[in-house]
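Next comes input16.cif, a file with mmCIF, C-alpha atoms.
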data_model
#
loop_
_atom_site.label_atom_id
_atom_site.label_comp_id
_atom_site.auth_asym_id
_atom_site.auth_seq_id
_atom_site.Cartn_x
_atom_site.Cartn_y
_atom_site.Cartn_z
CA MET A 55 65.94 90.84 -43.92
CA PRO A 56 65.05 88.14 -46.45
CA SER A 57 68.01 86.33 -47.96
CA ILE A 58 68.56 83.63 -50.58
CA TYR A 59 68.87 80.23 -48.93
CA GLU A 60 69.49 77.83 -51.85
CA VAL A 61 71.00 78.48 -55.28
CA PHE A 62 70.88 75.77 -57.94
CA GLY A 63 69.90 73.25 -55.26
CA TYR A 64 72.63 73.87 -52.68
CA PRO A 65 72.62 76.13 -49.61
CA LEU A 66 74.27 79.45 -50.37
CA THR A 67 76.65 78.71 -47.48
CA ASP A 68 77.95 75.61 -49.27
CA SER A 69 81.32 76.46 -50.81
CA SER A 70 82.27 72.87 -51.63
CA ILE A 71 83.65 71.96 -55.06
CA GLU A 72 80.44 70.07 -55.84
CA ALA A 73 78.18 73.04 -55.06
CA THR A 74 80.47 75.54 -56.80
CA GLU A 75 80.73 73.51 -59.99
CA ASN A 76 76.98 73.03 -60.00
CA ARG A 77 76.46 76.81 -59.78
CA LYS A 78 78.96 77.50 -62.52
CA ALA A 79 77.06 75.09 -64.78
CA CYS A 80 73.65 76.58 -63.76
CA ARG A 81 72.48 73.03 -63.15
CA CYS A 82 69.37 71.92 -61.28
CA PRO A 83 70.14 68.72 -59.34
CA PHE A 84 66.45 68.05 -58.83
CA MET A 85 65.96 67.76 -62.59
CA ASP A 86 69.52 66.57 -63.29
CA ALA A 87 69.44 69.09 -66.11
CA PRO A 88 70.19 72.76 -66.74
CA CYS A 89 68.03 75.06 -64.60
CA ASP A 90 65.02 76.24 -66.59
CA GLY A 91 64.14 79.08 -64.24
CA GLY A 92 61.37 77.12 -62.53
CA GLY A 93 58.26 77.75 -64.59
CA ASN A 94 57.54 81.44 -65.06
CA ARG A 95 60.82 82.62 -63.55
CA HIS A 96 62.47 82.64 -66.98
CA LEU A 97 61.49 86.31 -66.81
CA SER A 98 64.33 86.66 -64.27
CA ASN A 99 66.99 85.40 -66.68
CA ILE A 100 70.14 87.51 -66.66
CA ASP A 101 71.93 88.87 -69.73
CA LEU A 102 75.72 88.79 -69.27
CA THR A 103 76.72 89.84 -72.78
CA SER A 104 78.41 92.94 -71.36
CA ASP A 105 79.86 91.32 -68.22
CA ASP A 106 82.85 89.20 -69.19
CA GLU A 107 83.93 88.53 -65.61
CA LEU A 108 80.61 87.16 -64.46
CA ALA A 109 80.12 85.24 -67.70
CA ALA A 110 83.48 83.57 -67.07
CA PHE A 111 82.25 82.45 -63.64
CA PHE A 112 79.30 80.74 -65.36
CA ASN A 113 81.60 78.81 -67.72
CA GLY A 114 81.22 81.37 -70.49
CA GLN A 115 77.41 81.38 -70.52
CA ARG A 116 76.02 84.75 -71.56
CA HIS A 117 72.43 84.16 -70.49
CA VAL A 118 71.84 82.49 -67.13
CA PRO A 119 68.73 81.81 -65.05
CA SER A 120 68.35 83.27 -61.57
CA GLY A 121 68.63 79.84 -59.98
CA VAL A 122 67.04 80.73 -56.65
CA CYS A 123 65.36 77.70 -55.05
CA SER A 124 64.32 79.17 -51.72
CA ILE A 125 64.34 82.34 -49.63
CA GLN A 126 64.78 82.56 -45.88
CA ILE A 127 62.80 85.32 -44.19
CA LYS A 128 64.31 84.83 -40.72
CA ALA A 129 67.57 83.11 -39.83
CA ASP A 130 65.98 80.78 -37.28
CA GLU A 131 63.11 79.64 -39.53
CA ALA A 132 62.87 77.22 -42.43
CA PRO A 133 63.09 78.91 -45.83
CA TRP A 134 60.23 79.34 -48.28
CA VAL A 135 60.51 77.34 -51.50
CA VAL A 136 59.97 79.59 -54.53
CA CYS A 137 60.69 77.12 -57.36
CA PRO A 138 58.33 74.22 -58.22
CA ARG A 139 61.27 72.07 -59.35
CA ARG A 140 62.59 72.27 -55.78
CA ILE A 141 59.38 70.71 -54.44
CA LEU A 142 58.96 67.91 -56.97
CA CYS A 143 59.99 67.28 -60.56
CA LEU A 144 58.29 64.30 -62.19
CA GLY A 145 59.78 65.14 -65.58
CA ARG A 146 61.87 62.99 -67.84
CA LYS A 147 64.01 61.05 -65.37
CA ASP A 148 63.34 58.63 -62.53
CA SER A 149 63.99 59.74 -58.97
CA GLY A 150 67.05 57.48 -58.88
CA GLU A 151 68.66 59.56 -61.64
CA ARG A 152 67.65 62.89 -60.12
CA PHE A 153 68.62 63.91 -56.62
CA GLY A 154 66.93 64.85 -53.38
CA GLN A 155 63.31 64.00 -54.20
CA GLY A 156 63.01 60.25 -53.67
CA PHE A 157 60.92 60.65 -50.50
CA ALA A 158 58.45 63.08 -52.07
CA GLU A 159 57.93 60.92 -55.17
CA GLU A 160 57.52 57.74 -53.16
CA LEU A 161 55.00 59.36 -50.81
CA LEU A 162 52.97 60.72 -53.72
CA LEU A 163 52.90 57.45 -55.66
CA SER A 164 51.95 55.51 -52.52
CA LYS A 165 48.82 57.66 -52.22
CA CYS A 166 47.82 57.40 -55.89
CA GLY A 167 46.51 53.87 -55.34
CA TYR A 168 48.06 52.21 -58.37
CA PRO A 169 48.85 48.51 -57.81
CA LYS A 170 52.51 47.69 -57.30
CA GLY A 171 54.26 47.11 -60.62
CA THR A 172 51.88 49.32 -62.62
CA LYS A 173 53.57 51.26 -65.42
CA VAL A 174 52.43 54.86 -65.14
CA GLY A 175 52.95 57.47 -67.85
CA VAL A 176 53.73 61.06 -66.90
CA TRP A 177 52.56 64.00 -69.00
CA SER A 178 53.81 67.43 -67.97
CA GLU A 179 52.40 70.90 -68.65
CA LEU A 180 49.25 69.51 -70.25
CA LYS A 181 46.97 72.34 -71.38
CA MET A 182 43.27 71.57 -71.89
CA ILE A 183 40.74 73.90 -73.53
CA TYR A 184 37.21 72.56 -73.75
CA SER A 185 33.86 74.20 -74.53
CA PRO A 186 30.83 71.90 -74.14
CA PRO A 187 28.66 71.99 -77.26
CA ARG A 188 25.37 72.29 -75.38
CA VAL A 189 26.45 74.76 -72.69
CA PRO A 190 27.10 78.09 -74.41
CA GLY A 191 29.33 80.55 -72.62
CA LYS A 192 31.10 77.94 -70.48
CA ARG A 193 34.74 77.05 -71.03
CA PHE A 194 37.36 74.90 -69.29
CA ASP A 195 40.80 76.40 -69.84
CA TYR A 196 43.47 75.08 -67.47
CA THR A 197 46.98 73.66 -67.59
CA PHE A 198 47.84 70.62 -65.46
CA ASP A 199 51.36 70.48 -64.05
CA TYR A 200 51.36 66.70 -64.44
CA VAL A 201 48.88 64.02 -65.40
CA LEU A 202 49.68 60.43 -64.43
CA MET A 203 47.93 57.47 -66.05
CA PRO A 204 48.68 53.74 -66.37
CA VAL A 205 50.07 52.77 -69.77
CA GLY A 206 50.12 49.47 -71.61
CA SER A 207 49.19 47.68 -74.82
CA VAL A 208 45.80 48.86 -76.07
CA THR A 209 43.90 47.78 -79.16
CA THR A 210 43.33 50.33 -81.87
CA GLN A 211 39.58 49.92 -81.37
CA ALA A 212 39.84 50.66 -77.65
CA ALA A 213 42.00 53.71 -78.35
CA SER A 214 39.53 54.95 -80.93
CA GLU A 215 36.60 54.48 -78.54
CA GLY A 216 38.47 56.10 -75.66
CA THR A 217 39.38 59.22 -77.61
CA GLY A 218 36.23 59.47 -79.68
CA ILE A 219 38.38 59.75 -82.83
CA SER A 220 38.03 57.44 -85.81
CA TRP A 221 41.04 55.20 -86.40
CA GLU A 222 41.59 56.78 -89.80
CA LYS A 223 42.38 60.10 -88.07
CA LEU A 224 43.78 58.74 -84.81
CA GLY A 225 46.43 56.63 -86.54
CA ALA A 226 48.12 59.72 -87.96
CA VAL A 227 47.92 61.49 -84.58
CA LEU A 228 49.59 58.57 -82.79
CA GLN A 229 52.34 58.29 -85.38
CA HIS A 230 53.12 62.00 -85.05
CA ALA A 231 53.18 61.69 -81.24
CA GLY A 232 55.65 58.82 -81.38
CA TYR A 233 53.47 55.90 -80.29
CA THR A 234 54.31 52.45 -81.69
CA VAL A 235 51.62 50.38 -83.38
CA ILE A 236 52.31 46.64 -83.46
CA ARG A 237 50.59 44.73 -86.24
CA GLY A 238 48.85 41.62 -84.92
CA LYS A 239 47.17 38.64 -86.57
CA SER A 240 43.71 39.48 -85.28
CA GLU A 241 44.06 43.13 -84.22
CA ASP A 242 46.70 45.82 -83.92
CA LEU A 243 48.05 47.01 -80.57
CA ILE A 244 49.33 50.42 -79.49
CA GLU A 245 52.30 50.19 -77.11
CA GLY A 246 52.47 52.44 -74.05
CA PHE A 247 49.01 53.92 -74.57
CA PRO A 248 47.17 55.43 -71.58
CA SER A 249 44.38 53.39 -70.04
CA GLY A 250 42.92 53.34 -66.55
CA LEU A 251 42.33 56.11 -64.03
CA PRO A 252 44.18 59.43 -64.26
CA THR A 253 45.84 61.34 -61.44
CA ILE A 254 46.31 65.11 -61.64
CA ILE A 255 49.38 66.48 -59.86
CA GLU A 256 49.70 70.18 -59.09
CA ILE A 257 52.87 71.69 -57.59
CA MET A 258 52.30 74.99 -55.81
CA THR A 259 55.13 77.10 -54.42
CA SER A 260 55.41 80.53 -52.92
CA SER A 261 56.05 83.48 -55.20
CA THR A 262 58.20 86.49 -54.42
CA SER A 263 57.33 90.14 -54.22
CA GLY A 264 58.79 92.27 -56.97
CA GLY A 265 61.61 93.52 -54.81
CA ASN A 266 63.05 97.02 -54.82
CA LYS A 267 65.45 98.01 -57.60
CA SER A 268 66.86 100.91 -55.63
CA LYS A 269 67.75 98.53 -52.80
CA ASP A 270 68.99 95.77 -55.17
CA SER A 271 66.42 93.37 -53.73
CA THR A 272 65.01 92.06 -57.00
CA ILE A 273 65.58 88.35 -57.71
CA PRO A 274 68.21 88.94 -60.48
CA LYS A 275 70.25 91.46 -58.48
CA ALA A 276 70.02 89.50 -55.23
CA PHE A 277 71.10 86.37 -57.13
CA ILE A 278 74.11 88.08 -58.74
CA ASN A 279 75.26 89.56 -55.42
CA ALA A 280 74.78 86.23 -53.67
CA VAL A 281 76.82 84.11 -56.10
CA GLN A 282 79.60 86.70 -56.00
CA GLY A 283 79.76 86.45 -52.22
CA LEU A 284 78.53 90.01 -51.75
CA PRO A 285 75.95 91.13 -49.17
CA HIS A 286 72.47 90.84 -50.61
CA THR A 287 68.81 91.35 -49.77
CA ALA A 288 66.25 89.06 -51.37
CA PRO A 289 62.64 90.00 -52.12
CA GLY A 290 60.00 88.90 -49.65
CA ILE A 291 57.23 86.35 -50.13
CA ASN A 292 54.00 87.42 -51.81
CA TYR A 293 51.76 85.39 -49.52
CA ARG A 294 48.41 86.66 -50.75
CA GLN A 295 49.16 86.09 -54.43
CA VAL A 296 50.08 82.47 -53.75
CA TRP A 297 46.84 81.83 -51.90
CA ALA A 298 44.78 83.50 -54.63
CA ARG A 299 46.39 81.40 -57.37
CA MET A 300 45.81 78.18 -55.50
CA VAL A 301 42.26 78.75 -54.31
CA SER A 302 41.16 79.64 -57.84
CA GLN A 303 42.14 76.17 -59.05
CA LEU A 304 42.04 73.83 -56.05
CA ILE A 305 38.36 72.94 -56.17
CA VAL A 306 38.02 73.06 -59.97
CA LYS A 307 40.86 70.64 -60.66
CA SER A 308 39.82 68.38 -57.78
CA GLU A 309 36.30 68.17 -59.23
CA VAL A 310 37.66 67.36 -62.68
CA GLY A 311 39.85 64.57 -61.30
CA LEU A 312 36.87 63.05 -59.51
CA ASN A 313 34.74 63.38 -62.66
CA TRP A 314 37.32 61.30 -64.52
CA GLY A 315 37.21 58.64 -61.81
CA GLY A 316 40.66 59.60 -60.58
CA LEU A 317 42.30 61.86 -58.02
CA THR A 318 43.99 65.25 -57.80
CA PHE A 319 46.96 65.92 -55.52
CA TRP A 320 48.37 69.29 -54.56
CA VAL A 321 51.99 69.13 -53.44
CA LEU A 322 53.03 72.06 -51.24
CA GLN A 323 55.61 73.06 -48.68
CA ASP A 324 54.40 73.05 -45.08
CA ASN A 325 55.13 76.79 -44.74
CA LEU A 326 52.59 77.56 -47.45
CA ILE A 327 50.01 75.17 -45.99
CA LYS A 328 50.30 76.84 -42.60
CA TYR A 329 49.88 80.28 -44.14
CA ILE A 330 46.72 79.27 -46.03
CA SER A 331 45.33 77.68 -42.89
CA SER A 332 46.02 80.80 -40.81
CA SER A 333 44.62 83.27 -43.35
CA THR A 334 41.35 81.47 -44.19
CA ALA A 335 38.65 79.56 -42.33
CA LEU A 336 40.43 76.32 -43.24
CA ASP A 337 41.85 74.35 -40.30
CA ILE A 338 44.38 72.18 -42.10
CA ASN A 339 45.02 69.96 -39.07
CA ALA A 340 41.41 68.77 -39.25
CA PHE A 341 42.24 67.11 -42.60
CA LEU A 342 45.31 65.11 -41.55
CA SER A 343 44.61 61.65 -42.97
CA ASP A 344 46.04 58.30 -44.01
CA SER A 345 43.55 57.88 -46.87
CA VAL A 346 42.67 60.06 -49.84
CA GLY A 347 39.54 62.19 -50.23
CA GLU A 348 37.92 64.53 -52.72
CA VAL A 349 40.69 67.08 -52.16
CA ASN A 350 44.22 65.90 -51.40
CA ILE A 351 47.19 67.98 -50.28
CA ILE A 352 50.64 66.56 -49.62
CA GLY A 353 52.73 68.80 -47.40
CA LEU A 354 56.52 68.50 -47.53
CA SER A 355 58.92 69.95 -44.97
CA TYR A 356 62.60 70.70 -44.43
CA GLY A 357 62.17 69.69 -40.81
CA GLU A 358 65.34 70.60 -38.97
CA GLU A 359 67.49 69.91 -42.02
CA TYR A 360 67.41 73.56 -43.07
CA LYS A 361 70.02 74.18 -40.37
CA ARG A 362 72.58 72.31 -42.45
CA THR A 363 75.17 74.40 -44.27
CA LYS A 364 76.30 71.92 -46.92
CA GLY A 365 74.90 69.41 -49.37
CA LEU A 366 71.53 68.88 -50.99
CA ILE A 367 68.69 68.94 -48.50
CA GLU A 368 65.82 66.56 -49.16
CA LEU A 369 62.30 67.47 -48.08
CA ASP A 370 61.99 64.16 -46.29
CA THR A 371 59.09 64.86 -43.95
CA GLY A 372 55.56 64.81 -45.34
CA SER A 373 51.89 64.43 -44.52
CA LEU A 374 48.62 63.91 -46.40
CA TYR A 375 45.69 66.23 -45.80
CA ALA A 376 42.48 64.93 -47.36
CA GLY A 377 38.78 65.65 -47.12
CA ASP A 378 35.57 66.61 -48.89
CA ILE A 379 35.17 69.64 -51.12
CA GLY A 380 31.90 70.71 -49.51
CA PRO A 381 28.87 69.48 -47.60
CA GLN A 382 26.49 66.88 -49.00
CA PRO A 383 22.83 66.46 -47.96
CA THR A 384 23.56 63.19 -46.15
CA ARG A 385 26.62 64.44 -44.30
CA SER A 386 26.73 66.24 -41.00
CA ARG A 387 28.59 69.52 -40.60
CA LYS A 388 32.34 69.06 -40.47
CA PRO A 389 35.37 70.86 -41.95
CA TYR A 390 35.40 71.13 -45.74
CA PHE A 391 37.94 72.48 -48.18
CA GLN A 392 35.41 75.11 -49.23
CA ASP A 393 36.34 76.76 -45.94
CA MET A 394 39.43 77.98 -47.77
CA VAL A 395 37.35 80.67 -49.47
CA LYS A 396 35.78 81.88 -46.23
CA ALA A 397 37.07 84.54 -43.86
CA PRO A 398 39.40 83.29 -41.12
CA VAL A 399 37.77 85.68 -38.61
CA LYS A 400 35.08 88.38 -38.83
CA PRO A 401 36.29 91.62 -37.24
CA PRO A 402 33.59 93.48 -35.30
CA LEU A 403 32.17 96.72 -36.69
CA ARG A 404 34.04 98.73 -34.08
CA GLU A 405 37.32 97.81 -35.79
CA LEU A 406 36.09 99.49 -38.96
CA MET A 407 34.90 102.49 -36.96
CA ARG A 408 38.35 102.83 -35.39
CA LEU A 409 39.94 102.95 -38.83
CA LEU A 410 37.42 105.49 -40.12
CA SER A 411 37.99 107.68 -37.11
CA LYS A 412 41.66 108.00 -38.04
CA ARG A 413 40.96 109.47 -41.49
CA THR A 414 38.49 111.97 -42.82
CA PRO A 415 36.69 110.94 -46.01
CA THR A 416 38.43 111.80 -49.25
CA ARG A 417 35.12 112.92 -50.69
CA VAL A 418 31.55 113.55 -49.55
CA ILE A 419 28.83 112.85 -52.13
CA THR A 420 25.33 114.28 -51.94
CA VAL A 421 22.83 111.75 -53.31
#
Will you turn the file into structure tokens for me?
Amino acid sequence: MPSIYEVFGYPLTDSSIEATENRKACRCPFMDAPCDGGGNRHLSNIDLTSDDELAAFFNGQRHVPSGVCSIQIKADEAPWVVCPRRILCLGRKDSGERFGQGFAEELLLSKCGYPKGTKVGVWSELKMIYSPPRVPGKRFDYTFDYVLMPVGSVTTQAASEGTGISWEKLGAVLQHAGYTVIRGKSEDLIEGFPSGLPTIIEIMTSSTSGGNKSKDSTIPKAFINAVQGLPHTAPGINYRQVWARMVSQLIVKSEVGLNWGGLTFWVLQDNLIKYISSSTALDINAFLSDSVGEVNIIGLSYGEEYKRTKGLIELDTGSLYAGDIGPQPTRSRKPYFQDMVKAPVKPPLRELMRLLSKRTPTRVITV
């Protein structure tokens, strides 16, 4: 049966003072901040206003997140990461201040192609809505997990030209955003302003099935039982939903990154990559690469570290999978990432006939 593997960063089997205190504080070590539920999982927050005993365990907190990082389907297999913060958090602190993600961040930045010493700004949860004026009915409406872009001193004229906003209006926008404008003798400079090529970063993790309330296998109930040391059953992994979410954005966001002269990286766990490869026409191993392409996926793995019972486990094994989105007139046939939307295999008609033979039709219509 599925079971919770990590809670607030530490294996559930870790009963050390460090792990216990971290759980009591509902703290995410990967963010070095209170757990925020990992994106949309705030819906799994738990109300303890009527449970004094459990609230006391959580240092008096009356509302706590279900701090489940990963779920293990089988005891002899690596767990599935279900929280994006567990994979990579590029938020407000450097990897040296956070814990357990130095390898992932270093691998990602090494593939971005920025020269050593470049100062790169990080923007998180950046939502963009754009409707082109001359293309009625078309609309770009997506949120980027992270956008990276070099930052430095930029003239007010360059900033105005880059944004397409007159300085009279842009100046107020920058002041409200917190940028610093330095008055110069010949021209003014904006400190820490983005300039150069952008990099889009998308973190994709597995999602869970809804669980079964009667069997106490929902995320909140499994979490409560687990932290109390009681037997628990976690929900399973919703494999198909994960694939559907990713495939709907993979090509679009990769195309946008290329259109801006930059790159897009998808950061995933190896379990999820293998599932997508097995359930579509995509052969992920054909894209293993040392250099970037039109589509770029970084796969991170527990390796054998998941067998540990104590301490933070870093996903310290990773690979880059890169290649073209689709065929071009001058290119010969080879694997493309568009294969992700194609069937992995095509069952013969007899397989359908076998299914139909096991059930009579629910209705017969005369046309």
Using the chain letters and numbers from this file, what does the PyMOL selection byres ((chain A and resi 229-240) around 12) select? Give the answer as a PDB file with C-alpha atoms, in the coordinates of the input.
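Result saved to result.pdb:
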ATOM      1  CA  VAL A 205      50.070  52.770 -69.770  1.00  0.00           C
ATOM      2  CA  GLY A 206      50.120  49.470 -71.610  1.00  0.00           C
ATOM      3  CA  SER A 207      49.190  47.680 -74.820  1.00  0.00           C
ATOM      4  CA  VAL A 208      45.800  48.860 -76.070  1.00  0.00           C
ATOM      5  CA  THR A 209      43.900  47.780 -79.160  1.00  0.00           C
ATOM      6  CA  THR A 210      43.330  50.330 -81.870  1.00  0.00           C
ATOM      7  CA  GLN A 211      39.580  49.920 -81.370  1.00  0.00           C
ATOM      8  CA  ALA A 213      42.000  53.710 -78.350  1.00  0.00           C
ATOM      9  CA  TRP A 221      41.040  55.200 -86.400  1.00  0.00           C
ATOM     10  CA  GLU A 222      41.590  56.780 -89.800  1.00  0.00           C
ATOM     11  CA  LYS A 223      42.380  60.100 -88.070  1.00  0.00           C
ATOM     12  CA  LEU A 224      43.780  58.740 -84.810  1.00  0.00           C
ATOM     13  CA  GLY A 225      46.430  56.630 -86.540  1.00  0.00           C
ATOM     14  CA  ALA A 226      48.120  59.720 -87.960  1.00  0.00           C
ATOM     15  CA  VAL A 227      47.920  61.490 -84.580  1.00  0.00           C
ATOM     16  CA  LEU A 228      49.590  58.570 -82.790  1.00  0.00           C
ATOM     17  CA  GLU A 241      44.060  43.130 -84.220  1.00  0.00           C
ATOM     18  CA  ASP A 242      46.700  45.820 -83.920  1.00  0.00           C
ATOM     19  CA  LEU A 243      48.050  47.010 -80.570  1.00  0.00           C
ATOM     20  CA  ILE A 244      49.330  50.420 -79.490  1.00  0.00           C
ATOM     21  CA  GLU A 245      52.300  50.190 -77.110  1.00  0.00           C
ATOM     22  CA  GLY A 246      52.470  52.440 -74.050  1.00  0.00           C
ATOM     23  CA  PHE A 247      49.010  53.920 -74.570  1.00  0.00           C
ATOM     24  CA  PRO A 248      47.170  55.430 -71.580  1.00  0.00           C
TER      25      PRO A 248
END
Selection under test: the PyMOL selection byres ((chain A and resi 289) around 7); residues as a compact mmCIF listing (two decimals) with C-alpha atoms, in the coordinates of the input:
# COMPACT_ATOMS: atom_id res chain seq x y z
CA PRO A 56 65.05 88.14 -46.45
CA THR A 262 58.20 86.49 -54.42
CA SER A 263 57.33 90.14 -54.22
CA GLY A 264 58.79 92.27 -56.97
CA GLY A 265 61.61 93.52 -54.81
CA SER A 271 66.42 93.37 -53.73
CA THR A 272 65.01 92.06 -57.00
CA ILE A 273 65.58 88.35 -57.71
CA THR A 287 68.81 91.35 -49.77
CA ALA A 288 66.25 89.06 -51.37
CA GLY A 290 60.00 88.90 -49.65
CA ILE A 291 57.23 86.35 -50.13
To test your reading of the syntax: which residues would the PyMOL selection byres ((chain A and resi 369) around 7) return for the file shown? Reply as a PDB file with C-alpha atoms, in the frame of the given file.
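Listed below is the output, selection12.pdb:
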ATOM      1  CA  LEU A 354      56.520  68.500 -47.530  1.00  0.00           C
ATOM      2  CA  SER A 355      58.920  69.950 -44.970  1.00  0.00           C
ATOM      3  CA  TYR A 356      62.600  70.700 -44.430  1.00  0.00           C
ATOM      4  CA  ILE A 367      68.690  68.940 -48.500  1.00  0.00           C
ATOM      5  CA  GLU A 368      65.820  66.560 -49.160  1.00  0.00           C
ATOM      6  CA  ASP A 370      61.990  64.160 -46.290  1.00  0.00           C
ATOM      7  CA  THR A 371      59.090  64.860 -43.950  1.00  0.00           C
TER       8      THR A 371
END
Find the residues of segment 138-230 of chain A that sit at most 10 Å from segment 58-73 of chain A; for each, write down the nearest two atoms and how far apart they are in Å, to one decimal. Count all atoms listed in the file. Sort by chain, then by number going up, and give it as CSV.
residue,atom,partner,partner_atom,distance
A:Arg139,CA,A:Gly63,CA,9.6
A:Arg140,CA,A:Gly63,CA,7.4
A:Phe153,CA,A:Gly63,CA,9.5
A:Gly154,CA,A:Gly63,CA,9.1
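The two atoms in question, atom CA of Lys192 of chain A and atom CA of Val296 of chain A, are spaced 25.7 Å apart.
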Q) Counting all atoms listed in the file, which residues come within 12 Å of (69.2, 81.4, -36.8), with the point read in the file's coordinates, and could you list them as an NGL selection string? A) :A and (126-133 or 358 or 360-363)
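Proximity of A:Ala298, A:Gly316, A:Gly167, A:Pro402 to Thr334 of chain A, computed with all atoms listed in the file, is greatest for A:Ala298.
Among the candidate residues A:Gly191, A:Gly250, A:Pro138, A:Pro285, the one lying nearest to Asp270 of chain A is A:Pro285, with distances computed using all atoms listed in the file.
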